[in-house]
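Trainee: Dropping in query12.tsv, with TSV, C-alpha atoms.
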```tsv
chain	number	residue	atom	x	y	z
A	416	MET	CA	-30.40	-29.27	19.57
A	417	ALA	CA	-29.03	-25.86	20.49
A	418	LEU	CA	-31.23	-22.80	20.39
A	419	THR	CA	-29.98	-19.68	18.65
A	420	PHE	CA	-31.33	-16.28	19.64
A	421	ALA	CA	-30.76	-13.06	17.72
A	422	CYS	CA	-31.78	-9.45	17.41
A	423	ILE	CA	-31.83	-6.55	15.02
A	424	ASP	CA	-30.64	-3.13	16.13
A	425	LEU	CA	-33.40	-1.14	14.43
A	426	SER	CA	-31.30	2.03	14.44
A	427	LYS	CA	-29.18	0.34	11.75
A	428	VAL	CA	-32.16	-0.50	9.51
A	429	THR	CA	-32.20	1.46	6.24
A	430	TYR	CA	-35.35	-0.11	4.76
A	431	LYS	CA	-38.55	1.81	4.09
A	432	ALA	CA	-42.08	0.66	4.88
A	433	ASP	CA	-43.00	0.61	1.20
A	434	LEU	CA	-45.41	-2.33	1.08
A	435	GLU	CA	-49.13	-1.90	1.62
A	436	TYR	CA	-49.89	-3.37	5.03
A	437	GLU	CA	-52.47	-3.19	7.79
A	438	LEU	CA	-52.61	-3.90	11.49
A	439	LEU	CA	-55.19	-6.68	11.66
A	440	ASP	CA	-57.68	-5.51	14.25
A	441	PRO	CA	-59.87	-7.41	14.59
A	442	VAL	CA	-57.86	-10.43	13.48
A	443	PRO	CA	-59.70	-12.36	10.73
A	444	ILE	CA	-59.06	-15.77	12.30
A	445	ASN	CA	-60.33	-17.89	9.38
A	446	ASP	CA	-58.17	-15.99	6.87
A	447	VAL	CA	-55.10	-16.09	9.11
A	448	LEU	CA	-55.49	-19.84	9.69
A	449	ARG	CA	-55.99	-20.45	5.95
A	450	VAL	CA	-52.74	-18.61	5.16
A	451	TYR	CA	-50.95	-20.56	7.93
A	452	GLN	CA	-52.20	-23.91	6.59
A	453	ASP	CA	-51.16	-22.99	3.03
A	454	TYR	CA	-47.74	-21.88	4.32
A	455	CYS	CA	-47.15	-25.11	6.23
A	456	ALA	CA	-48.25	-27.20	3.23
A	457	TYR	CA	-46.00	-25.23	0.85
A	458	LYS	CA	-43.02	-25.64	3.19
A	459	ASN	CA	-43.87	-29.33	3.69
A	460	PHE	CA	-43.23	-29.07	7.44
A	461	SER	CA	-43.24	-32.43	9.19
A	462	SER	CA	-44.16	-30.79	12.50
A	463	VAL	CA	-45.98	-27.50	13.09
A	464	LEU	CA	-46.77	-25.32	16.07
A	465	PRO	CA	-50.54	-25.18	16.53
A	466	MET	CA	-51.88	-21.77	15.66
A	467	ILE	CA	-54.52	-21.65	18.38
A	468	PRO	CA	-56.79	-18.61	17.79
A	469	GLY	CA	-56.21	-17.37	21.34
A	470	ARG	CA	-52.57	-16.63	20.44
A	471	PHE	CA	-53.76	-13.72	18.34
A	472	PHE	CA	-55.48	-12.03	21.28
A	473	VAL	CA	-52.73	-12.06	23.90
A	474	PRO	CA	-52.19	-8.48	25.13
A	475	GLY	CA	-49.23	-6.85	23.38
A	476	THR	CA	-49.63	-8.97	20.24
A	477	GLU	CA	-49.66	-7.18	16.89
A	478	ILE	CA	-50.54	-8.91	13.62
A	479	TRP	CA	-49.52	-7.19	10.37
A	480	GLY	CA	-51.39	-8.31	7.27
A	481	TYR	CA	-50.70	-8.10	3.55
A	482	ARG	CA	-53.35	-8.42	0.86
A	483	ASP	CA	-53.39	-9.19	-2.84
A	484	ALA	CA	-56.57	-8.47	-4.81
A	485	GLY	CA	-58.34	-7.88	-1.47
A	486	ASN	CA	-57.43	-11.29	-0.03
A	487	LEU	CA	-55.15	-11.81	2.97
A	488	VAL	CA	-52.05	-13.56	1.61
A	489	ALA	CA	-49.48	-13.02	4.37
A	490	TRP	CA	-49.26	-12.04	8.03
A	491	SER	CA	-46.67	-11.56	10.74
A	492	MET	CA	-47.14	-11.79	14.50
A	493	TYR	CA	-45.12	-9.70	16.97
A	494	ARG	CA	-45.16	-9.40	20.75
A	495	VAL	CA	-44.38	-5.97	22.13
A	496	TRP	CA	-42.22	-6.34	25.25
A	497	ASP	CA	-41.79	-2.66	26.13
A	498	GLN	CA	-41.43	0.74	24.44
A	499	HIS	CA	-38.07	-0.29	22.94
A	500	SER	CA	-38.34	-4.03	22.28
A	501	VAL	CA	-40.47	-6.33	20.17
A	502	VAL	CA	-40.10	-10.04	19.44
A	503	CYS	CA	-40.93	-11.55	16.07
A	504	ASP	CA	-43.22	-14.45	16.88
A	505	TYR	CA	-44.35	-15.84	13.53
A	506	HIS	CA	-44.78	-15.15	9.82
A	507	ALA	CA	-46.76	-16.99	7.17
A	508	TRP	CA	-47.69	-16.38	3.58
A	509	ASP	CA	-49.58	-18.53	1.13
A	510	TYR	CA	-47.10	-18.48	-1.81
A	511	GLN	CA	-50.03	-18.34	-4.25
A	512	THR	CA	-48.37	-15.43	-6.06
A	513	PRO	CA	-44.59	-15.96	-5.81
A	514	ARG	CA	-43.80	-12.65	-7.57
A	515	LEU	CA	-44.95	-10.84	-4.40
A	516	ARG	CA	-41.90	-12.22	-2.52
A	517	LEU	CA	-43.64	-11.51	0.77
A	518	GLY	CA	-41.23	-13.47	2.94
A	519	LEU	CA	-38.21	-11.18	2.98
A	520	ARG	CA	-40.00	-8.08	1.70
A	521	SER	CA	-42.59	-8.11	4.50
A	522	PHE	CA	-39.88	-8.71	7.07
A	523	LYS	CA	-37.88	-5.67	5.91
A	524	ASN	CA	-41.12	-3.68	5.83
A	525	GLU	CA	-41.81	-4.61	9.46
A	526	CYS	CA	-38.28	-3.65	10.52
A	527	ALA	CA	-39.00	-0.20	9.09
A	528	ILE	CA	-42.44	-0.05	10.75
A	529	TYR	CA	-41.00	-0.72	14.20
A	530	ARG	CA	-38.00	1.57	13.65
A	531	ASP	CA	-40.37	4.36	12.60
A	532	ARG	CA	-42.39	3.75	15.79
A	533	ASP	CA	-39.17	4.37	17.79
A	534	PHE	CA	-38.54	0.76	18.78
A	535	ARG	CA	-34.84	0.00	19.20
A	536	PHE	CA	-34.62	-3.79	19.08
A	537	MET	CA	-36.38	-6.67	17.35
A	538	TYR	CA	-35.64	-10.07	18.92
A	539	PHE	CA	-35.88	-13.61	17.53
A	540	GLU	CA	-36.27	-16.93	19.29
A	541	SER	CA	-35.13	-18.78	16.18
A	542	VAL	CA	-32.82	-17.88	13.33
A	543	GLU	CA	-33.16	-18.55	9.61
A	544	PRO	CA	-30.31	-18.22	7.09
A	545	TYR	CA	-31.86	-15.24	5.25
A	546	MET	CA	-31.66	-13.15	8.44
A	547	TYR	CA	-27.88	-12.85	8.35
A	548	ASN	CA	-28.12	-10.25	5.56
A	549	ILE	CA	-30.64	-8.01	7.35
A	550	ASP	CA	-29.43	-4.56	8.44
A	551	GLY	CA	-28.42	-4.55	12.12
A	552	PHE	CA	-28.75	-8.33	12.61
A	553	ARG	CA	-26.63	-10.20	15.13
A	554	ILE	CA	-26.63	-13.46	17.05
A	555	LEU	CA	-26.95	-13.06	20.81
A	556	GLY	CA	-24.23	-14.76	22.84
A	557	ARG	CA	-23.60	-15.73	26.44
A	558	HIS	CA	-22.49	-12.20	27.30
A	559	ASP	CA	-26.01	-10.96	26.47
A	560	ASN	CA	-27.66	-12.72	29.44
A	561	GLY	CA	-29.77	-10.74	31.89
A	562	TYR	CA	-31.10	-7.38	30.83
A	563	LEU	CA	-28.71	-6.31	28.14
A	564	PRO	CA	-30.11	-4.85	24.93
A	565	CYS	CA	-29.09	-6.15	21.55
A	566	VAL	CA	-26.11	-3.82	21.25
A	567	GLY	CA	-24.65	-5.03	24.57
A	568	GLN	CA	-25.02	-1.76	26.49
A	569	GLN	CA	-27.14	-0.99	29.53
A	570	ASP	CA	-30.06	1.39	29.07
```
Produce structure tokens that represent the structure in this file.
Mentor:
Amino acid sequence: MALTFACIDLSKVTYKADLEYELLDPVPINDVLRVYQDYCAYKNFSSVLPMIPGRFFVPGTEIWGYRDAGNLVAWSMYRVWDQHSVVCDYHAWDYQTPRLRLGLRSFKNECAIYRDRDFRFMYFESVEPYMYNIDGFRILGRHDNGYLPCVGQQD
């Protein structure tokens, strides 16, 4: 099984942060785990990465939450690497209200959030088909090894 890594050049993102969101601090562990369990059940995953509560408290981790009628219904986890780079670690939503479309919509919202905070690159350790249509998205290749930003130029 080959791994595929990718990034988004956030300077190419045209989306706006137009969803209501919050930085979950403190992280409501029970709510986050409930959403994760609902997400895994909805997706019918045969194998899942354990969502150990300690993951949410690693320094540099940011959890963005989305609510519907006051209840947490989706969240995304990011790890800030430096002032320019962030890695998308995980996203889950409960699918209880499909009209919210919080998969792609929250992802575009988060691209705008990080762009507006002057981040330059968002990295991914796995790639999903929907990502190919995101502004500034590209697969990282062999030439990107070492310290080369997403756009292939030295800082």
Trainee: Env of range 541-551 of chain A: 10 Å cut, atoms = only C-alpha atoms, seq-sep filter 3 positions within chain, self excluded. Answer as a PyMOL selection string.
Mentor: chain A and resi 418-430+503-504+518-519+522-523+526+536-538+554+565-566
Trainee: Tell me, as a ChimeraX atom specification, which residues lie within 9 Å of range 491-500 of chain A, counting only C-alpha atoms; anything in the same chain fewer than 5 positions away does not count.
Mentor: /A:471,473-481,505-508,521-522,525,533-538,564
Trainee: Could you tell me how far CA of Phe552 in chain A lies from CA of Asp531 in chain A, in Å and to one decimal?
Mentor: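 Atom-to-atom, CA of Phe552 in chain A to CA of Asp531 in chain A, that is 17.2 Å.
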Trainee: Go ahead and compute the interatomic distance for CA of Val450 in chain A and CA of Glu437 in chain A, in Å to one decimal.
Mentor: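 Answer for the CA of Val450 in chain A to CA of Glu437 in chain A separation: 15.6 Å.
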Trainee: Complete range 538-554 of chain A with N, CA and C atoms (output as a PDB file, keeping the file's coordinate frame).
Mentor:
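Generated output (part.pdb):
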```pdb
ATOM      1  N   TYR A 538     -36.266  -8.818  18.481  1.00  0.00           N
ATOM      2  CA  TYR A 538     -35.640 -10.070  18.920  1.00  0.00           C
ATOM      3  C   TYR A 538     -36.250 -11.278  18.218  1.00  0.00           C
ATOM      4  N   PHE A 539     -35.474 -12.363  18.194  1.00  0.00           N
ATOM      5  CA  PHE A 539     -35.880 -13.610  17.530  1.00  0.00           C
ATOM      6  C   PHE A 539     -35.540 -14.787  18.412  1.00  0.00           C
ATOM      7  N   GLU A 540     -36.486 -15.707  18.521  1.00  0.00           N
ATOM      8  CA  GLU A 540     -36.270 -16.930  19.290  1.00  0.00           C
ATOM      9  C   GLU A 540     -35.824 -18.081  18.402  1.00  0.00           C
ATOM     10  N   SER A 541     -35.707 -17.818  17.129  1.00  0.00           N
ATOM     11  CA  SER A 541     -35.130 -18.780  16.180  1.00  0.00           C
ATOM     12  C   SER A 541     -34.518 -17.974  15.042  1.00  0.00           C
ATOM     13  N   VAL A 542     -33.569 -18.576  14.369  1.00  0.00           N
ATOM     14  CA  VAL A 542     -32.820 -17.880  13.330  1.00  0.00           C
ATOM     15  C   VAL A 542     -32.898 -18.670  12.034  1.00  0.00           C
ATOM     16  N   GLU A 543     -33.139 -17.961  10.951  1.00  0.00           N
ATOM     17  CA  GLU A 543     -33.160 -18.550   9.610  1.00  0.00           C
ATOM     18  C   GLU A 543     -32.002 -17.961   8.813  1.00  0.00           C
ATOM     19  N   PRO A 544     -31.472 -18.695   7.841  1.00  0.00           N
ATOM     20  CA  PRO A 544     -30.310 -18.220   7.090  1.00  0.00           C
ATOM     21  C   PRO A 544     -30.478 -16.848   6.437  1.00  0.00           C
ATOM     22  N   TYR A 545     -31.668 -16.521   5.936  1.00  0.00           N
ATOM     23  CA  TYR A 545     -31.860 -15.240   5.250  1.00  0.00           C
ATOM     24  C   TYR A 545     -31.646 -14.048   6.184  1.00  0.00           C
ATOM     25  N   MET A 546     -31.759 -14.252   7.481  1.00  0.00           N
ATOM     26  CA  MET A 546     -31.660 -13.150   8.440  1.00  0.00           C
ATOM     27  C   MET A 546     -30.258 -12.551   8.520  1.00  0.00           C
ATOM     28  N   TYR A 547     -29.257 -13.315   8.198  1.00  0.00           N
ATOM     29  CA  TYR A 547     -27.880 -12.850   8.350  1.00  0.00           C
ATOM     30  C   TYR A 547     -27.570 -11.631   7.480  1.00  0.00           C
ATOM     31  N   ASN A 548     -28.347 -11.395   6.447  1.00  0.00           N
ATOM     32  CA  ASN A 548     -28.120 -10.250   5.560  1.00  0.00           C
ATOM     33  C   ASN A 548     -29.020  -9.064   5.866  1.00  0.00           C
ATOM     34  N   ILE A 549     -29.749  -9.106   6.971  1.00  0.00           N
ATOM     35  CA  ILE A 549     -30.640  -8.010   7.350  1.00  0.00           C
ATOM     36  C   ILE A 549     -29.831  -6.936   8.070  1.00  0.00           C
ATOM     37  N   ASP A 550     -30.095  -5.679   7.752  1.00  0.00           N
ATOM     38  CA  ASP A 550     -29.430  -4.560   8.440  1.00  0.00           C
ATOM     39  C   ASP A 550     -29.539  -4.721   9.954  1.00  0.00           C
ATOM     40  N   GLY A 551     -28.428  -4.569  10.666  1.00  0.00           N
ATOM     41  CA  GLY A 551     -28.420  -4.550  12.120  1.00  0.00           C
ATOM     42  C   GLY A 551     -28.578  -5.891  12.802  1.00  0.00           C
ATOM     43  N   PHE A 552     -28.549  -6.991  12.048  1.00  0.00           N
ATOM     44  CA  PHE A 552     -28.750  -8.330  12.610  1.00  0.00           C
ATOM     45  C   PHE A 552     -27.505  -8.818  13.346  1.00  0.00           C
ATOM     46  N   ARG A 553     -27.733  -9.500  14.465  1.00  0.00           N
ATOM     47  CA  ARG A 553     -26.630 -10.200  15.130  1.00  0.00           C
ATOM     48  C   ARG A 553     -27.162 -11.317  16.007  1.00  0.00           C
ATOM     49  N   ILE A 554     -26.341 -12.342  16.165  1.00  0.00           N
ATOM     50  CA  ILE A 554     -26.630 -13.460  17.050  1.00  0.00           C
ATOM     51  C   ILE A 554     -26.324 -13.010  18.473  1.00  0.00           C
TER      52      ILE A 554
END
```
